[in-house]
Amino acid sequence: MELSPPAFSGKMLSIADSFAISGQSITLAVKINDPSGLESLGFDVIYDPDKLNFVGINRTNTTNDFVQLAAHERSSGIVRIGGYRGEPITDSSPAVLLELTFQVLSMDGSDILFLLTNAVDDIEGIQSVPGRIFLMSPAEPQYIKERKEAPVLKK
């Protein structure tokens with residue numbers, strides 16, 4: 001008997017791209033495009049441990065009623081997320097599933113990539129979209145703010 005991977009259900013798990021400055025903490029939203037039917041979940045988040053330190057996990061409206069939702073560092077650069085609730089979620093609206101907080105350690109000029117992998121339970125086989133943190137120097141947020149506030153010249 002040959003086993004095949006589960007069929008893609010049309011559901012997607014993603015981390016939105018973000019900006020950060022070295023030394024700051026950053027909270028990243030893990031989103032799901034359709035949480036309906038979700039009763040239990042598990043997945044790994046892979047990141048560069050030379051640039052980030054995992055701080056913790058936060059519940060959202062979607063996971064507030066989970067009996068358990070936890071995260072732990074499985075090894076350097078890999079955080080395992082797991083949780084369950086008593087009944088499946090019935091709402092199919094896109095939602096923020098949970099939030100992950102990291103401390104930015106390094107600013108070597110390169111971006112930080114996040115991968116979501118090893119999904120199990122009710123999200124097994126889910127498509128995942130990687131996220132990226134773009135690192136900025138401390139002067140860049142002011143520069144970006146000034147550019148947004150600059151008047152638009154008309155011809």
# chains A, B, ... in the order shown; residues from 1 in each chain; ligands from 1
>>> closest_atom_pairs(of="stretch 12-47 of chain A", to="stretch 85-109 of chain A", cutoff="6 Å", atoms="only C-alpha atoms", output="JSON lines")
{"residue": "A:Ser22", "atom": "CA", "partner": "A:Val104", "partner_atom": "CA", "distance": 5.1}
{"residue": "A:Gly23", "atom": "CA", "partner": "A:Val104", "partner_atom": "CA", "distance": 5.3}
{"residue": "A:Gln24", "atom": "CA", "partner": "A:Val104", "partner_atom": "CA", "distance": 5.6}
{"residue": "A:Ser25", "atom": "CA", "partner": "A:Gln103", "partner_atom": "CA", "distance": 4.2}
{"residue": "A:Ile26", "atom": "CA", "partner": "A:Phe102", "partner_atom": "CA", "distance": 5.4}
{"residue": "A:Thr27", "atom": "CA", "partner": "A:Thr101", "partner_atom": "CA", "distance": 4.2}
{"residue": "A:Leu28", "atom": "CA", "partner": "A:Leu100", "partner_atom": "CA", "distance": 5.2}
{"residue": "A:Ala29", "atom": "CA", "partner": "A:Glu99", "partner_atom": "CA", "distance": 4.5}
{"residue": "A:Val30", "atom": "CA", "partner": "A:Leu98", "partner_atom": "CA", "distance": 5.4}
{"residue": "A:Lys31", "atom": "CA", "partner": "A:Val96", "partner_atom": "CA", "distance": 4.3}
{"residue": "A:Ile32", "atom": "CA", "partner": "A:Ala95", "partner_atom": "CA", "distance": 5.6}
{"residue": "A:Asn33", "atom": "CA", "partner": "A:Pro94", "partner_atom": "CA", "distance": 4.1}
{"residue": "A:Asp34", "atom": "CA", "partner": "A:Ser92", "partner_atom": "CA", "distance": 4.7}
{"residue": "A:Pro35", "atom": "CA", "partner": "A:Ser92", "partner_atom": "CA", "distance": 5.5}
{"residue": "A:Ser36", "atom": "CA", "partner": "A:Ser92", "partner_atom": "CA", "distance": 4.7}
{"residue": "A:Gly37", "atom": "CA", "partner": "A:Pro88", "partner_atom": "CA", "distance": 4.8}
{"residue": "A:Leu38", "atom": "CA", "partner": "A:Pro88", "partner_atom": "CA", "distance": 5.0}
{"residue": "A:Glu39", "atom": "CA", "partner": "A:Pro88", "partner_atom": "CA", "distance": 4.3}
>>> write_last_selection(atoms="C-alpha atoms", output="compact mmCIF listing (two decimals), in the first residue's frame")
# COMPACT_ATOMS: atom_id res chain seq x y z
CA SER A 22 18.21 45.61 16.00
CA GLY A 23 17.63 45.42 19.75
CA GLN A 24 13.85 45.79 19.49
CA SER A 25 11.27 43.11 20.02
CA ILE A 26 8.88 42.34 17.21
CA THR A 27 5.53 40.56 17.28
CA LEU A 28 4.55 38.64 14.16
CA ALA A 29 1.02 37.55 13.31
CA VAL A 30 0.53 33.98 12.09
CA LYS A 31 -2.56 34.09 9.88
CA ILE A 32 -4.91 31.46 8.49
CA ASN A 33 -7.18 32.21 5.55
CA ASP A 34 -9.95 29.83 6.72
CA PRO A 35 -9.95 28.51 10.31
CA SER A 36 -13.22 26.56 9.95
CA GLY A 37 -12.97 22.98 11.21
CA LEU A 38 -9.83 23.73 13.22
CA GLU A 39 -9.83 21.92 16.55
>>> closest_residue(among="A:Ala20, A:Val45, A:Gly56, A:Ile133", to="A:Arg74", atoms="only C-alpha atoms")
A:Val45
>>> select_by_dssp(residues="chain A", states="helix (DSSP H, G or I)", output="compact mmCIF listing (two decimals) with N, CA and C atoms, in the first residue's frame")
# COMPACT_ATOMS: atom_id res chain seq x y z
N GLU A 140 16.24 54.92 9.90
CA GLU A 140 15.28 54.70 8.83
C GLU A 140 13.82 54.97 9.19
N PRO A 141 13.32 54.62 10.39
CA PRO A 141 11.91 54.92 10.68
C PRO A 141 11.61 56.42 10.57
N GLN A 142 12.53 57.28 11.04
CA GLN A 142 12.32 58.72 10.94
C GLN A 142 12.31 59.14 9.47
N TYR A 143 13.22 58.57 8.67
CA TYR A 143 13.28 58.88 7.25
C TYR A 143 11.97 58.49 6.56
N ILE A 144 11.46 57.31 6.89
CA ILE A 144 10.20 56.84 6.29
C ILE A 144 9.06 57.77 6.72
N LYS A 145 9.02 58.16 8.01
CA LYS A 145 7.98 59.05 8.50
C LYS A 145 8.04 60.39 7.77
N GLU A 146 9.26 60.94 7.61
CA GLU A 146 9.42 62.22 6.93
C GLU A 146 8.97 62.14 5.48
N ARG A 147 9.24 61.04 4.83
CA ARG A 147 8.84 60.88 3.42
C ARG A 147 7.33 60.84 3.31
N LYS A 148 6.65 60.20 4.26
CA LYS A 148 5.19 60.12 4.23
C LYS A 148 4.56 61.49 4.45
N GLU A 149 5.23 62.32 5.26
CA GLU A 149 4.70 63.63 5.60
C GLU A 149 5.08 64.71 4.58
>>> atom_distance(atom1="atom CA of A:Tyr47", atom2="atom CA of A:Phe114")
5.0 Å
>>> closest_residue(among="A:Met12, A:Gly83, A:Ser110, A:Leu135", to="A:Thr63", atoms="only C-alpha atoms")
A:Gly83
>>> atom_distance(atom1="atom CA of A:Asn118", atom2="atom CA of A:Phe54")
18.5 Å
>>> atom_distance(atom1="atom CA of A:Ile57", atom2="atom CA of A:Asp44")
12.9 Å
>>> select_by_dssp(residues="stretch 75-131 of chain A", states="strand (DSSP E or B)", output="ChimeraX atom specification")
/A:75,78-84,95-104,112-121,127-129,131
